[in-house]
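Asker: See work.cif below, with mmCIF, C-alpha atoms and all ligand atoms.
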data_protein
loop_
_atom_site.label_atom_id
_atom_site.label_comp_id
_atom_site.auth_asym_id
_atom_site.auth_seq_id
_atom_site.Cartn_x
_atom_site.Cartn_y
_atom_site.Cartn_z
CA MET U 1 -54.69 4.28 197.50
CA SER U 2 -51.41 2.78 196.58
CA ASP U 3 -48.85 1.72 199.16
CA PRO U 4 -46.86 4.80 200.26
CA ALA U 5 -43.77 2.54 200.25
CA THR U 6 -43.97 2.33 196.44
CA PRO U 7 -40.63 3.61 195.10
CA THR U 8 -40.66 6.96 193.33
CA VAL U 9 -38.92 8.02 190.13
CA ARG U 10 -38.51 11.80 189.94
CA LEU U 11 -37.99 13.39 186.57
CA LYS U 12 -35.70 16.30 185.80
CA LYS U 13 -37.40 19.70 185.64
CA GLY U 14 -38.96 20.24 182.22
CA ARG U 15 -38.75 16.56 181.31
CA GLU U 16 -42.37 15.76 182.15
CA LYS U 17 -43.71 16.93 178.77
CA SER U 18 -43.52 13.56 177.07
CA VAL U 19 -45.41 11.82 179.91
CA ALA U 20 -47.93 14.65 179.97
CA ARG U 21 -48.53 14.05 176.27
CA ARG U 22 -49.28 10.44 177.15
CA HIS U 23 -46.19 8.88 175.65
CA PRO U 24 -45.57 5.65 177.60
CA TRP U 25 -41.74 5.66 177.61
CA ILE U 26 -39.47 7.41 180.09
CA PHE U 27 -35.80 7.31 179.16
CA SER U 28 -33.03 7.20 181.75
CA GLY U 29 -31.87 10.68 180.65
CA ALA U 30 -35.11 12.22 181.92
CA VAL U 31 -34.76 10.77 185.43
CA SER U 32 -33.25 12.91 188.16
CA ARG U 33 -33.68 10.70 191.23
CA ILE U 34 -34.89 7.28 192.27
CA GLU U 35 -36.31 7.05 195.80
CA GLY U 36 -36.56 3.59 197.34
CA GLU U 37 -35.01 0.53 195.77
CA PRO U 38 -37.17 -0.69 192.92
CA GLY U 39 -36.10 -4.06 191.54
CA PRO U 40 -36.38 -4.99 187.85
CA GLY U 41 -40.00 -4.69 186.76
CA ASP U 42 -41.29 -3.21 190.04
CA VAL U 43 -44.09 -0.68 189.99
CA VAL U 44 -42.98 2.90 190.65
CA ARG U 45 -44.67 6.26 191.10
CA VAL U 46 -43.47 8.84 188.56
CA MET U 47 -43.27 12.44 189.78
CA SER U 48 -42.33 15.63 187.95
CA GLY U 49 -39.35 17.76 188.97
CA ASP U 50 -41.88 20.03 190.73
CA GLY U 51 -43.23 17.16 192.80
CA ALA U 52 -46.50 16.59 190.92
CA PHE U 53 -47.81 13.06 190.42
CA LEU U 54 -47.50 12.00 186.75
CA ALA U 55 -48.11 8.27 186.50
CA TRP U 56 -47.65 4.72 187.72
CA GLY U 57 -45.23 2.69 185.68
CA TYR U 58 -42.88 -0.25 185.88
CA PHE U 59 -39.18 0.20 186.29
CA ASN U 60 -36.02 -1.38 184.91
CA ARG U 61 -32.62 0.06 185.74
CA GLU U 62 -31.02 -2.18 183.06
CA SER U 63 -32.95 -0.57 180.24
CA GLN U 64 -32.49 2.81 178.56
CA LEU U 65 -36.23 2.87 178.73
CA GLN U 66 -36.27 3.09 182.49
CA VAL U 67 -39.99 3.37 183.07
CA ARG U 68 -42.97 2.30 180.99
CA VAL U 69 -46.16 4.03 182.00
CA LEU U 70 -49.07 1.85 183.08
CA ASP U 71 -51.66 4.27 184.42
CA ARG U 72 -52.10 8.03 184.90
CA ASP U 73 -54.78 8.00 187.58
CA PRO U 74 -53.23 8.76 190.99
CA SER U 75 -55.90 6.68 192.74
CA SER U 76 -55.17 3.54 190.68
CA VAL U 77 -53.58 0.51 192.28
CA ILE U 78 -51.57 -1.77 190.00
CA ASP U 79 -52.72 -5.05 191.51
CA ASP U 80 -53.99 -8.37 190.10
CA GLY U 81 -57.38 -6.80 189.38
CA TRP U 82 -55.72 -4.01 187.41
CA TRP U 83 -53.93 -6.51 185.11
CA ARG U 84 -57.13 -8.49 184.72
CA ARG U 85 -59.11 -5.40 183.67
CA ARG U 86 -56.46 -4.32 181.15
CA LEU U 87 -56.28 -7.80 179.58
CA ASP U 88 -60.04 -8.09 179.46
CA LEU U 89 -60.35 -4.67 177.80
CA ALA U 90 -57.85 -5.60 175.07
CA ILE U 91 -59.67 -8.88 174.42
CA GLN U 92 -63.11 -7.24 174.40
CA ARG U 93 -61.88 -4.59 171.98
CA ARG U 94 -61.25 -7.32 169.37
CA ALA U 95 -64.60 -9.02 169.84
CA GLY U 96 -66.81 -8.44 166.83
CA LEU U 97 -64.27 -6.35 164.87
CA PRO U 98 -65.28 -6.76 161.21
CA GLY U 99 -61.64 -7.23 160.16
CA LEU U 100 -61.38 -10.37 162.29
CA GLU U 101 -64.54 -12.18 161.23
CA ALA U 102 -62.95 -14.40 158.59
CA THR U 103 -60.16 -15.83 160.71
CA ASN U 104 -59.40 -17.82 163.86
CA MET U 105 -56.06 -16.12 164.51
CA CYS U 106 -55.38 -12.60 165.71
CA ARG U 107 -53.40 -10.45 168.08
CA LEU U 108 -55.24 -10.05 171.39
CA VAL U 109 -52.76 -7.74 173.10
CA HIS U 110 -50.58 -5.30 171.20
CA ALA U 111 -48.34 -4.07 174.00
CA GLU U 112 -48.18 -0.28 174.58
CA ALA U 113 -50.99 0.37 172.09
CA ASP U 114 -53.29 -1.67 174.35
CA GLY U 115 -52.04 -0.09 177.57
CA LEU U 116 -49.98 -3.21 178.36
CA PRO U 117 -46.37 -2.22 177.62
CA GLY U 118 -44.07 -5.08 176.72
CA LEU U 119 -46.78 -7.72 176.33
CA ILE U 120 -47.86 -9.47 173.14
CA VAL U 121 -50.61 -12.10 173.12
CA ASP U 122 -51.59 -13.81 169.88
CA ARG U 123 -54.38 -16.33 169.40
CA TYR U 124 -54.05 -19.24 166.97
CA GLY U 125 -57.23 -21.31 167.03
CA ASP U 126 -57.59 -22.70 170.57
CA PHE U 127 -54.07 -21.78 171.62
CA LEU U 128 -52.48 -18.57 172.88
CA VAL U 129 -48.89 -17.51 172.33
CA VAL U 130 -47.45 -14.90 174.68
CA GLN U 131 -44.35 -12.78 174.34
CA SER U 132 -42.90 -10.94 177.31
CA LEU U 133 -40.53 -8.20 176.19
CA THR U 134 -39.72 -6.43 179.45
CA ALA U 135 -38.78 -6.98 183.08
CA GLY U 136 -42.11 -5.45 184.07
CA ILE U 137 -44.04 -8.15 182.23
CA GLU U 138 -41.59 -10.82 183.34
CA ARG U 139 -42.43 -10.03 186.96
CA VAL U 140 -46.16 -10.65 186.47
CA LYS U 141 -45.85 -13.43 183.90
CA PRO U 142 -47.30 -16.21 186.10
CA LEU U 143 -50.25 -13.96 186.97
CA LEU U 144 -50.82 -13.09 183.30
CA GLY U 145 -50.79 -16.80 182.42
CA GLU U 146 -53.50 -17.46 185.01
CA LEU U 147 -55.61 -14.49 183.93
CA LEU U 148 -55.40 -15.39 180.24
CA GLY U 149 -56.45 -18.96 181.11
CA GLU U 150 -59.46 -17.58 182.94
CA LEU U 151 -60.45 -14.97 180.34
CA CYS U 152 -59.84 -16.91 177.10
CA LYS U 153 -60.09 -20.55 178.18
CA PRO U 154 -57.47 -21.69 175.69
CA ARG U 155 -56.45 -25.33 175.25
CA GLY U 156 -52.92 -24.24 175.99
CA ILE U 157 -50.62 -21.24 176.36
CA TYR U 158 -47.16 -21.21 174.82
CA GLU U 159 -44.40 -18.65 175.38
CA ARG U 160 -42.19 -17.22 172.62
CA SER U 161 -40.13 -14.66 174.52
CA ASP U 162 -37.10 -15.14 172.31
CA SER U 163 -36.92 -11.86 170.43
CA ASP U 164 -33.78 -9.66 170.39
CA GLY U 165 -35.45 -6.82 172.32
CA ARG U 166 -35.20 -8.73 175.60
CA ARG U 167 -31.44 -8.32 175.70
CA MET U 168 -31.87 -4.56 176.10
CA GLU U 169 -33.90 -5.31 179.21
CA GLY U 170 -31.23 -7.60 180.63
CA LEU U 171 -33.40 -10.66 180.01
CA SER U 172 -32.40 -13.93 178.39
CA PRO U 173 -34.66 -15.75 175.91
CA ALA U 174 -37.49 -17.89 177.23
CA ALA U 175 -39.74 -20.22 175.24
CA GLY U 176 -41.93 -23.23 175.92
CA PRO U 177 -45.33 -24.33 177.17
CA VAL U 178 -46.80 -22.21 179.97
CA ALA U 179 -50.14 -23.80 180.78
CA GLY U 180 -52.56 -26.43 179.51
CA GLU U 181 -51.79 -28.56 176.49
CA THR U 182 -48.60 -28.13 174.50
CA PRO U 183 -49.64 -26.99 171.01
CA PRO U 184 -49.17 -29.50 168.19
CA LYS U 185 -46.15 -28.98 165.92
CA THR U 186 -48.45 -27.15 163.53
CA ILE U 187 -51.73 -25.53 164.46
CA LYS U 188 -54.37 -25.45 161.73
CA ALA U 189 -55.61 -21.93 161.23
CA HIS U 190 -57.39 -20.00 158.53
CA GLU U 191 -57.63 -16.44 157.28
CA GLY U 192 -59.60 -14.92 154.44
CA GLY U 193 -60.65 -18.34 153.11
CA VAL U 194 -57.06 -19.61 152.97
CA LYS U 195 -55.85 -22.35 155.33
CA PHE U 196 -52.49 -22.10 157.05
CA VAL U 197 -50.50 -24.28 159.38
CA VAL U 198 -48.82 -22.23 162.08
CA ASP U 199 -45.68 -23.41 163.80
CA VAL U 200 -45.75 -21.58 167.12
CA GLU U 201 -42.71 -23.40 168.45
CA SER U 202 -40.18 -22.49 165.77
CA GLY U 203 -41.99 -20.18 163.35
CA HIS U 204 -41.11 -16.48 163.09
CA LYS U 205 -42.46 -14.05 165.69
CA THR U 206 -45.21 -16.01 167.46
CA GLY U 207 -45.77 -18.14 164.33
CA PHE U 208 -47.44 -15.95 161.71
CA TYR U 209 -47.39 -12.39 160.33
CA LEU U 210 -50.85 -11.48 161.57
CA ASP U 211 -50.27 -7.78 160.87
CA GLN U 212 -50.42 -8.35 157.09
CA ARG U 213 -53.91 -9.91 157.05
CA ASP U 214 -55.74 -7.02 155.35
CA ASN U 215 -52.85 -6.41 152.98
CA ARG U 216 -52.82 -9.99 151.74
CA ARG U 217 -56.48 -9.55 150.87
CA ALA U 218 -55.90 -6.15 149.26
CA VAL U 219 -53.07 -7.48 147.08
CA ALA U 220 -54.99 -10.64 146.08
CA ARG U 221 -57.58 -8.43 144.38
CA TYR U 222 -54.95 -7.67 141.73
CA ALA U 223 -53.92 -11.29 141.23
CA THR U 224 -56.41 -12.81 138.79
CA GLY U 225 -54.65 -14.16 135.71
CA ARG U 226 -51.31 -12.71 136.78
CA SER U 227 -47.91 -14.29 137.32
CA VAL U 228 -46.82 -13.53 140.88
CA LEU U 229 -43.41 -13.16 142.49
CA ASP U 230 -43.71 -13.25 146.30
CA LEU U 231 -40.40 -11.99 147.66
CA PHE U 232 -39.79 -12.73 151.37
CA SER U 233 -42.74 -15.12 151.29
CA TYR U 234 -42.36 -16.76 154.74
CA SER U 235 -45.09 -19.44 154.88
CA GLY U 236 -46.65 -18.26 151.63
CA GLY U 237 -49.20 -15.71 152.87
CA PHE U 238 -49.34 -13.33 149.92
CA GLY U 239 -48.64 -15.93 147.22
CA LEU U 240 -51.32 -18.33 148.42
CA TYR U 241 -53.96 -15.61 148.69
CA ALA U 242 -53.02 -14.61 145.12
CA LEU U 243 -53.33 -18.18 143.82
CA ALA U 244 -56.65 -18.63 145.61
CA ALA U 245 -57.81 -15.45 143.84
CA GLY U 246 -56.88 -16.90 140.44
CA ALA U 247 -53.25 -15.97 139.85
CA ARG U 248 -51.70 -17.88 136.94
CA SER U 249 -48.54 -18.84 138.81
CA ALA U 250 -46.59 -17.96 141.94
CA THR U 251 -42.91 -17.98 142.79
CA MET U 252 -42.21 -17.83 146.51
CA VAL U 253 -38.77 -16.66 147.53
CA ASP U 254 -37.40 -16.88 151.08
CA SER U 255 -33.98 -17.42 152.63
CA SER U 256 -35.39 -19.79 155.23
CA ALA U 257 -35.83 -23.44 154.27
CA GLY U 258 -38.19 -23.90 157.23
CA ALA U 259 -40.41 -21.05 156.00
CA LEU U 260 -40.59 -22.56 152.51
CA ALA U 261 -41.40 -25.99 153.94
CA LEU U 262 -44.39 -24.38 155.67
CA ALA U 263 -45.32 -22.58 152.43
CA ARG U 264 -45.30 -25.90 150.57
CA GLN U 265 -47.39 -27.53 153.28
CA ASN U 266 -49.84 -24.61 153.10
CA ALA U 267 -50.07 -24.87 149.32
CA GLU U 268 -50.96 -28.56 149.63
CA LEU U 269 -53.45 -27.88 152.39
CA ASN U 270 -55.32 -25.51 150.07
CA GLY U 271 -55.14 -27.81 147.04
CA LEU U 272 -52.94 -25.25 145.30
CA ALA U 273 -49.82 -27.39 145.00
CA THR U 274 -49.77 -27.58 141.24
CA GLY U 275 -46.92 -27.10 138.81
CA ASP U 276 -47.71 -23.40 138.89
CA ILE U 277 -45.94 -22.83 142.20
CA GLU U 278 -42.23 -22.58 142.64
CA PHE U 279 -40.42 -22.39 145.99
CA VAL U 280 -37.02 -20.80 145.79
CA GLU U 281 -34.65 -20.74 148.74
CA GLY U 282 -32.10 -17.94 148.59
CA ASN U 283 -31.22 -14.33 149.19
CA ALA U 284 -33.89 -12.20 147.54
CA PHE U 285 -31.38 -9.41 146.82
CA ASP U 286 -29.26 -11.80 144.72
CA LEU U 287 -32.16 -13.70 143.20
CA VAL U 288 -33.88 -10.61 141.79
CA ARG U 289 -30.63 -9.70 140.05
CA SER U 290 -30.31 -13.15 138.52
CA TYR U 291 -33.96 -12.95 137.38
CA ARG U 292 -33.29 -9.54 135.85
CA ASP U 293 -30.20 -10.88 134.03
CA ALA U 294 -32.28 -13.80 132.75
CA ALA U 295 -34.91 -11.28 131.49
CA LYS U 296 -37.67 -12.84 133.64
CA HIS U 297 -40.89 -10.89 134.08
CA TYR U 298 -43.80 -11.03 136.49
CA ASP U 299 -47.17 -9.25 136.52
CA LEU U 300 -47.47 -8.83 140.29
CA ILE U 301 -44.53 -8.59 142.67
CA ILE U 302 -44.76 -8.51 146.46
CA VAL U 303 -41.80 -7.17 148.43
CA ASP U 304 -42.29 -7.83 152.16
CA PRO U 305 -38.84 -7.92 153.74
CA PRO U 306 -37.98 -8.28 157.43
CA ARG U 307 -37.41 -5.14 159.50
CA PHE U 308 -34.27 -3.48 158.15
CA ALA U 309 -34.08 -0.74 160.81
CA GLN U 310 -34.48 -1.49 164.51
CA THR U 311 -33.62 2.10 165.49
CA ARG U 312 -33.58 5.63 164.03
CA ALA U 313 -29.80 5.35 163.68
CA GLN U 314 -30.27 2.48 161.22
CA ALA U 315 -32.93 4.25 159.15
CA SER U 316 -30.76 5.53 156.31
CA LYS U 317 -29.04 2.18 155.80
CA ALA U 318 -32.48 0.55 155.78
CA GLU U 319 -33.72 3.08 153.21
CA ARG U 320 -30.86 2.10 150.90
CA ALA U 321 -31.85 -1.57 151.20
CA TYR U 322 -35.53 -0.77 150.46
CA LYS U 323 -34.46 1.33 147.52
CA ASP U 324 -32.23 -1.40 146.15
CA ILE U 325 -34.66 -4.32 146.32
CA ASN U 326 -37.57 -2.26 144.98
CA LEU U 327 -35.51 -0.83 142.13
CA VAL U 328 -34.62 -4.29 140.85
CA ALA U 329 -38.15 -5.59 141.49
CA MET U 330 -39.55 -2.78 139.30
CA LYS U 331 -37.31 -3.91 136.46
CA LEU U 332 -38.85 -7.39 136.70
CA LEU U 333 -42.39 -6.13 136.29
CA SER U 334 -44.13 -6.56 132.99
CA PRO U 335 -45.68 -3.34 131.56
CA GLY U 336 -48.58 -2.18 133.71
CA GLY U 337 -47.51 -4.61 136.40
CA ILE U 338 -48.34 -4.20 140.07
CA LEU U 339 -45.81 -3.79 142.85
CA ALA U 340 -47.01 -4.33 146.43
CA THR U 341 -44.20 -3.19 148.66
CA PHE U 342 -43.89 -3.02 152.46
CA SER U 343 -41.74 -1.71 155.25
CA CYS U 344 -42.15 -2.85 158.83
CA SER U 345 -39.34 -0.55 159.98
CA GLY U 346 -41.17 1.95 162.17
CA ALA U 347 -38.00 4.07 162.19
CA VAL U 348 -38.30 4.62 158.43
CA GLY U 349 -41.91 5.78 158.49
CA ALA U 350 -44.58 5.95 155.81
CA GLU U 351 -43.51 9.30 154.34
CA ASN U 352 -39.89 8.29 153.94
CA PHE U 353 -40.89 4.95 152.52
CA SER U 354 -42.93 6.63 149.74
CA ARG U 355 -39.93 8.83 149.03
CA VAL U 356 -37.64 5.78 148.80
CA ILE U 357 -40.03 4.12 146.35
CA ALA U 358 -40.06 7.30 144.28
CA TRP U 359 -36.25 7.23 144.08
CA SER U 360 -36.36 3.53 143.14
CA SER U 361 -38.71 4.27 140.24
CA LEU U 362 -36.54 7.16 139.11
CA ASP U 363 -33.42 4.99 139.02
CA ALA U 364 -35.29 2.07 137.47
CA GLY U 365 -36.52 4.41 134.73
CA ARG U 366 -40.16 3.43 135.35
CA ASP U 367 -43.29 5.53 135.79
CA LEU U 368 -44.97 4.68 139.04
CA GLN U 369 -48.38 5.48 140.44
CA ILE U 370 -49.32 4.76 144.04
CA ILE U 371 -52.84 3.36 143.87
CA GLU U 372 -53.31 2.17 147.45
CA ARG U 373 -51.70 2.96 150.80
CA LEU U 374 -51.70 0.19 153.38
CA SER U 375 -51.00 -0.20 157.08
CA GLN U 376 -51.28 -2.82 159.81
CA GLY U 377 -54.39 -4.82 160.70
CA CYS U 378 -57.05 -3.68 163.20
CA ASP U 379 -55.74 -6.06 165.86
CA HIS U 380 -52.44 -4.10 165.79
CA PRO U 381 -53.99 -0.75 166.72
CA VAL U 382 -52.08 2.50 166.49
CA ASN U 383 -52.05 4.98 169.36
CA PRO U 384 -51.36 8.31 167.66
CA LEU U 385 -49.80 9.64 170.87
CA PHE U 386 -47.34 6.74 170.66
CA PRO U 387 -46.13 6.98 167.06
CA GLU U 388 -43.88 3.94 167.55
CA SER U 389 -47.04 1.80 167.45
CA GLN U 390 -47.40 2.63 163.74
CA TYR U 391 -44.68 0.50 162.17
CA LEU U 392 -46.08 -1.22 159.09
CA THR U 393 -46.57 0.68 155.88
CA GLY U 394 -47.28 -0.56 152.39
CA LEU U 395 -47.94 0.74 148.90
CA ILE U 396 -49.67 -0.85 145.96
CA CYS U 397 -48.20 0.70 142.84
CA ARG U 398 -48.84 0.47 139.12
CA VAL U 399 -45.53 0.49 137.29
CA SER U 400 -45.25 1.20 133.58
N1 LIG U 501 -44.81 -12.01 153.54
C1 LIG U 501 -44.77 -12.87 154.69
C2 LIG U 501 -43.92 -12.31 155.82
C3 LIG U 501 -42.49 -12.01 155.44
S1 LIG U 501 -41.43 -11.81 156.80
C4 LIG U 501 -46.19 -13.19 155.14
O1 LIG U 501 -47.15 -12.56 154.67
O2 LIG U 501 -46.35 -14.06 156.00
C5 LIG U 501 -39.88 -11.70 156.07
C6 LIG U 501 -39.32 -13.00 155.52
O3 LIG U 501 -38.11 -12.67 154.86
C7 LIG U 501 -38.96 -14.06 156.53
O4 LIG U 501 -39.64 -15.25 156.20
C8 LIG U 501 -37.44 -14.29 156.37
O5 LIG U 501 -37.06 -15.66 156.42
C9 LIG U 501 -37.20 -13.76 154.99
N2 LIG U 501 -35.88 -13.21 154.69
C10 LIG U 501 -35.06 -12.46 155.48
N3 LIG U 501 -33.98 -12.04 154.78
C11 LIG U 501 -34.10 -12.54 153.53
C12 LIG U 501 -33.33 -12.43 152.35
N4 LIG U 501 -32.19 -11.73 152.32
N5 LIG U 501 -33.78 -13.05 151.24
C13 LIG U 501 -34.92 -13.76 151.25
N6 LIG U 501 -35.70 -13.88 152.33
C14 LIG U 501 -35.30 -13.28 153.46
#
Is it possible to give me this structure as structure tokens?
Ligand code: SAH

Answerer:
Amino acid sequence: MSDPATPTVRLKKGREKSVARRHPWIFSGAVSRIEGEPGPGDVVRVMSGDGAFLAWGYFNRESQLQVRVLDRDPSSVIDDGWWRRRLDLAIQRRAGLPGLEATNMCRLVHAEADGLPGLIVDRYGDFLVVQSLTAGIERVKPLLGELLGELCKPRGIYERSDSDGRRMEGLSPAAGPVAGETPPKTIKAHEGGVKFVVDVESGHKTGFYLDQRDNRRAVARYATGRSVLDLFSYSGGFGLYALAAGARSATMVDSSAGALALARQNAELNGLATGDIEFVEGNAFDLVRSYRDAAKHYDLIIVDPPRFAQTRAQASKAERAYKDINLVAMKLLSPGGILATFSCSGAVGAENFSRVIAWSSLDAGRDLQIIERLSQGCDHPVNPLFPESQYLTGLICRVS
């Protein structure tokens, strides 16, 4: 049994429904009383307004999201063994997944969707990169480092807890080596027969957009003989898969010089650095307009922008941005061309995204057929009772 001294968070009457439906977030507005003095990240017992046990979770007064649920079994104890079992389960769940056979990089822990709220662990070859997003994870970070060392035996563990979300938890950014060897400036990794260098120290996220793995492969199947425009290319993922699959040419567009330097390095690494690749640094929204004015055309266009909406409140502004970039991209497609377009704004959602693309085609004066619907890779699982875990949506469209 857990320590009776564990602080208790009591919910307002009628506010236990969300927890009962297994949603892992408890907002401050649902809390009626806090008994004891839980510090940031401390484990608390969550009780309903009627005094029934609901869950164990970790607490943070600083966050709107005051409790994140860890376990619903009243007899559970959230001790070192508990964290070890949860980590091990997430790791074991990836072992042997068919989607991960052709790569040495993947997400090992996908936060709430793996029952480990606020924790991301990505594997790149022999190295692990961890991201702690909450006070609850921050509190057990040294323990998690030890357990990951034991369970995965990596050459080294690196931390990239420098995402914006930490501010809402009252945490400042943290990054650097955690244990073992410091990773080299670029780690050599591979995915789907394409080699990539991954910069875990200064690359985006933990170094690579692992969630797009299956989609890069899906899009590459349309690439043979086509001219490709890879908008928001980062280190060249989609464009390089397309070239490896026989695309005639690829233009990679990104606003980050560092991302394009990686893309160039990756092209060379794969022996694809021929005159058929162009790397263009700039704002994709402006560049597509200049391409349209210059009457340029492409046979396959990928639109994979960064997250435009962080919250529901930003969804309609984000939808306008998706509509705008896709509308102009459609005008750049040659007849019968293929548009592969993505949104990683969970707040926009798959249904709304399809609607936005429909409006883009209407305003572009193009006929559009959706021929494939895409989502995130199997190492970024979705818990349907936690809809926020479904954030990436994509469409492959034929545009005429
Ligand atoms: N397709 C990539 C991931 C893209 S992430 C892959 O498969 O790996 C989004 C990218 O958009 C980032 O590299 C970021 O630098 C870039 N970006 C953000 N705003 C931009 C803008 N306005 N114009 C061009 N690129 C932009």

Asker: Hey, could you pull the box centre and edge lengths for ligand LIG 501 (chain U), axis-aligned, 4 Å padding per side, all listed atoms, to one decimal in Å, as JSON?

Answerer:
{"center_x": -39.7, "center_y": -13.7, "center_z": 154.0, "size_x": 23.0, "size_y": 12.0, "size_z": 13.6}

Asker: If the limit is 7 Å from any atom of ligand LIG 501 (chain U), counting all atoms listed in the file, which residues qualify? Return them as a PyMOL selection string.

Answerer: chain U and resi 208-209+212+216+231-238+253-256+259+282-285+304-306

Asker: Neighbours of range 83-85 of chain U within 8 Å (all atoms listed in the file; same-chain residues fewer than 5 positions away dropped), as JSON, numbers by chain?

Answerer: {"U": [78, 144, 147]}

Asker: Env of Glu101 in chain U: 12 Å cut, atoms = only C-alpha atoms, seq-sep filter 2 positions within chain, self excluded. Answer as JSON, numbers by chain.

Answerer: {"U": [94, 95, 96, 97, 98, 99, 103, 104, 105, 106, 190, 191, 192, 193, 213, 214, 378, 379]}

Asker: So that I can check the surroundings of range 157-168 of chain U, please list as a count of residues only every protein, DNA and RNA residue that reaches within 7 Å of it, counting only C-alpha atoms and ignoring chain neighbours fewer than 4 positions away.

Answerer: 19

Asker: Which distance in Å separates CA of Ile338 in chain U and CA of Asp299 in chain U, to one decimal?

Answerer: 6.3 Å

Asker: So, with only C-alpha atoms as the atoms that count, which of U:Val228, U:Ala244, U:Ala218, U:Leu143 lies closest to Ser375 in chain U?

Answerer: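 Closest to Ser375 in chain U of all the choices is U:Ala218.
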
Asker: Could you jot down the CA of Val140 in chain U to CA of Asp88 in chain U separation for me, Å, one decimal place?

Answerer: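 The value is 15.8 Å.
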
Asker: Please produce, as CSV, a per-residue contact table for range 215-276 of chain U versus range 356-373 of chain U (criterion: any atom at most 12 Å away, only C-alpha atoms considered), showing the nearest atom pair and its distance in Å to one decimal, sorted by chain then residue number.

Answerer:
residue,atom,partner,partner_atom,distance
U:Asn215,CA,U:Arg373,CA,9.7
U:Ala218,CA,U:Glu372,CA,8.9
U:Val219,CA,U:Glu372,CA,9.7
U:Arg221,CA,U:Glu372,CA,11.8
U:Tyr222,CA,U:Ile371,CA,11.4

Asker: Enter the distance from CA of Val348 in chain U to CA of Ser316 in chain U, in Å, rounded to one decimal.

Answerer: 7.9 Å

Asker: Might you pull out every residue within 10 Å of Gly14 in chain U, with only C-alpha atoms counted and same-chain residues fewer than 3 positions away left off, and present them as a list in words?

Answerer: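 Surrounding residues, per the criterion: Leu11, Lys17, Ser18, Ala30, Ser48, Gly49 and Asp50 of chain U.
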
Asker: Between U:Lys195, U:Lys12, U:Arg217, U:Arg93, which residue has the minimum interatomic distance to Gln265 in chain U, considering all atoms listed in the file?

Answerer: U:Lys195

Asker: For Arg107 in chain U, please output as a list in words all residues within 7 Å (counting only C-alpha atoms; exclusion window: fewer than 5 positions along the same chain).

Answerer: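 Final neighbour list, sorted by chain and number: Val121, Asp122, Arg123, Asp379 and His380 of chain U.
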
Asker: Kindly save the residues from that selection, with C-alpha atoms included, as a tab-separated table (two decimals), in the frame of the given file.

Answerer:
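Done, and the output landed in selection_14.tsv:
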chain	number	residue	atom	x	y	z
U	121	VAL	CA	-50.61	-12.10	173.12
U	122	ASP	CA	-51.59	-13.81	169.88
U	123	ARG	CA	-54.38	-16.33	169.40
U	379	ASP	CA	-55.74	-6.06	165.86
U	380	HIS	CA	-52.44	-4.10	165.79

Asker: Return the single residue from U:Gly258, U:Gly149, U:Gly239, U:Gly41 that is closest to Glu169 in chain U, with distances computed using only C-alpha atoms.

Answerer: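 Closest to Glu169 in chain U of all the choices is U:Gly41.
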
Asker: Using only C-alpha atoms, pick whichever of U:Gly337, U:Gly349, U:Pro74, U:Gly36 has the shortest atom-to-atom distance to Leu229 in chain U.

Answerer: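 Among the listed residues, U:Gly337 lies closest to Leu229 in chain U.
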
Asker: Check the smallest atom-to-atom distance from each of U:Leu243, U:Cys344, U:Val288, U:Ala273 to Val328 in chain U using all atoms listed in the file, then report the winner.

Answerer: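 Of U:Leu243, U:Cys344, U:Val288, U:Ala273, the one nearest Val328 in chain U, counting all atoms listed in the file, is U:Val288.
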
Asker: In file coordinates, which residues lie within 6 Å of (-37.6, -8.5, 185.2) using all atoms listed in the file, given as a ChimeraX atom specification?

Answerer: /U:40-41,135-136,138-139

Asker: (-50.1, -0.4, 152.7) in this file's frame - what residues fall within 9 Å of it? Use all atoms listed in the file and give the answer as a PyMOL selection string.

Answerer: chain U and resi 215+218+340-343+350+372-376+392-396

Asker: Using all atoms listed in the file, which residues of range 58-137 of chain U come within 10 Å of range 386-391 of chain U, and what is the closest atom pair for each, with the distance in Å to one decimal? Give it as JSON lines, sorted by chain and residue number.

Answerer:
{"residue": "U:His110", "atom": "CA", "partner": "U:Ser389", "partner_atom": "CA", "distance": 8.8}
{"residue": "U:Ala111", "atom": "CA", "partner": "U:Ser389", "partner_atom": "CA", "distance": 8.9}
{"residue": "U:Glu112", "atom": "CA", "partner": "U:Ser389", "partner_atom": "CA", "distance": 7.5}
{"residue": "U:Ala113", "atom": "CA", "partner": "U:Ser389", "partner_atom": "CA", "distance": 6.3}
{"residue": "U:Asp114", "atom": "CA", "partner": "U:Ser389", "partner_atom": "CA", "distance": 9.9}
